[in-house]
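Structure, as structure tokens:
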Amino acid sequence: MAHGFSGVNIVGNRDSIVVEDGVLVEAGATLWQNVILRGKTVIHAGAEVQAGSVLTDTEVAAGAVILPYCVCESSYVGPGSKVGPFAHLRPGARLLDHVKIGNFVEVKNTTLHAGAKASHLTYLGDAEIGAHANIGAGTITCNYDGYGKHRTTIGAGAFIGSNTALVAPVSVGAGAIIGAGSVITRPVPDDALALERSEQRTIAGLGKKLNDKNALAAGKR
């Protein structure tokens, strides 16, 4: 239980915090209510773990914040990094300094270098993400082919547009831009723009005709 942690800041009901034997929480760390710390987890001074998060065998460095309702397993969260809310760090997730992992992002066996960010709705598995790369919402590293896992490499400062699928093994160079909605299957050089889309067709007035037809079929007109 949370009792007896000299110098640890407790927010809310201290009796709701569960800390297993083997966990280290340094003085100056902050724990919120309903936190569960398991295994060999280490929370350094100046780090903060907010309400409802469950950490197992995870190290949280000084200045890092785990926002509410995150699950972190066998992971490292570096100085000044922020995770969550509602994020999942699976084994092998390594966030170096000032990395941002936002809501509904899952990270597995992946290193994100300084300043990289994946703010929402993303899966990053078996990948290397360069410093200050930006991973857009809905991005997926397609790491499994049904038989084995394959790696994705994204260079420093790259920008991955929303709803991109990166089909591993594949690399995206430093400073490259991937257009939203692309499926990337071949290497993208440094500073290049890559996009993969079919051509948009717009047919004037057809939307209204379809709405009228559907409404009539549903008996609403």
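Here's how to read the names in the structure tokens: chain A, B, ... by the order shown, residue numbers from 1 in each chain, ligand numbers from 1 in the order shown.
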Can you pull out every residue within 6 Å of Val83 in chain A, counting only C-alpha atoms, but drop anything in the same chain fewer than 4 positions away, and send it as a PDB file with N, CA and C atoms, in the first residue's frame?
ATOM      1  N   ILE A  66       2.495  10.325 -16.442  1.00  0.00           N
ATOM      2  CA  ILE A  66       1.585   9.307 -16.941  1.00  0.00           C
ATOM      3  C   ILE A  66       0.175   9.791 -16.620  1.00  0.00           C
ATOM      4  N   LEU A  67      -0.571  10.157 -17.645  1.00  0.00           N
ATOM      5  CA  LEU A  67      -1.923  10.677 -17.450  1.00  0.00           C
ATOM      6  C   LEU A  67      -2.890   9.539 -17.096  1.00  0.00           C
ATOM      7  N   ILE A 101       3.034  10.619 -26.127  1.00  0.00           N
ATOM      8  CA  ILE A 101       2.160   9.531 -26.548  1.00  0.00           C
ATOM      9  C   ILE A 101       0.764   9.867 -26.045  1.00  0.00           C
ATOM     10  N   GLY A 102      -0.175  10.083 -26.973  1.00  0.00           N
ATOM     11  CA  GLY A 102      -1.479  10.589 -26.581  1.00  0.00           C
ATOM     12  C   GLY A 102      -2.515   9.511 -26.365  1.00  0.00           C
TER      13      GLY A 102
END
Need the shell around Leu193 in chain A: protein/DNA/RNA residues with any atom at most 8 Å away, counting only C-alpha atoms. Skip same-chain ones fewer than 6 positions apart. Format as an mmCIF file with N, CA and C atoms, in the first residue's frame?
data_model
loop_
_atom_site.group_PDB
_atom_site.id
_atom_site.type_symbol
_atom_site.label_atom_id
_atom_site.label_comp_id
_atom_site.auth_asym_id
_atom_site.auth_seq_id
_atom_site.Cartn_x
_atom_site.Cartn_y
_atom_site.Cartn_z
ATOM 1 N N ALA A 176 11.074 13.560 -44.378
ATOM 2 C CA ALA A 176 10.096 13.179 -45.396
ATOM 3 C C ALA A 176 8.679 13.460 -44.917
ATOM 4 N N ILE A 177 7.771 13.596 -45.877
ATOM 5 C CA ILE A 177 6.356 13.804 -45.586
ATOM 6 C C ILE A 177 5.566 12.698 -46.262
ATOM 7 N N ILE A 178 4.661 12.078 -45.495
ATOM 8 C CA ILE A 178 3.754 11.087 -46.043
ATOM 9 C C ILE A 178 2.358 11.680 -46.070
ATOM 10 N N GLY A 179 1.751 11.731 -47.249
ATOM 11 C CA GLY A 179 0.410 12.294 -47.372
ATOM 12 C C GLY A 179 -0.620 11.449 -46.649
#
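Here CA of Tyr147 in chain A stands at a distance of 18.8 Å from CA of Ala165 in chain A.
Non-sequential neighbours of Leu195 in chain A (distance at most 10 Å, separation of 5 or more positions within a chain, only C-alpha atoms) are A:Gly161, A:Thr164, A:Ile177, A:Ile178, A:Gly179, A:Ala180, A:Gly181, A:Ser182, A:Val183, A:Ile184.
Taking only C-alpha atoms into account, Gly12 in chain A lies nearest to A:Ala51 out of the set A:Ile36, A:Ala51, A:Ala156, A:Val107.
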Write down as a PyMOL selection string the residues belonging to range 3-131 of chain A that are assigned strand (DSSP E) by DSSP computed on the backbone. chain A and resi 9-11+18-19+24-25+30-32+36-38+42-43+48-49+54-56+59-60+65-66+71-73+76-77+82-83+88-89+94-95+100-108+111-112+117-125+127-129
Please determine, counting only C-alpha atoms, which residue among A:Val65, A:Ala168, A:Ala192, A:Cys70 has the shortest atom-to-atom distance to Tyr144 in chain A. A:Ala168
Given the choices A:Gly175, A:Gly52, A:Leu89, A:Asp145, which gets closest to Gly130 in chain A if the distance is worked out from only C-alpha atoms? A:Gly175
Compile the contact shell of range 119-126 of chain A as a PyMOL selection string: residues with an atom at most 10 Å away, counting only C-alpha atoms, same-chain residues fewer than 3 positions apart removed. chain A and resi 83-90+92-93+99-112+116+129+134-144+149-153+162-166+168-169
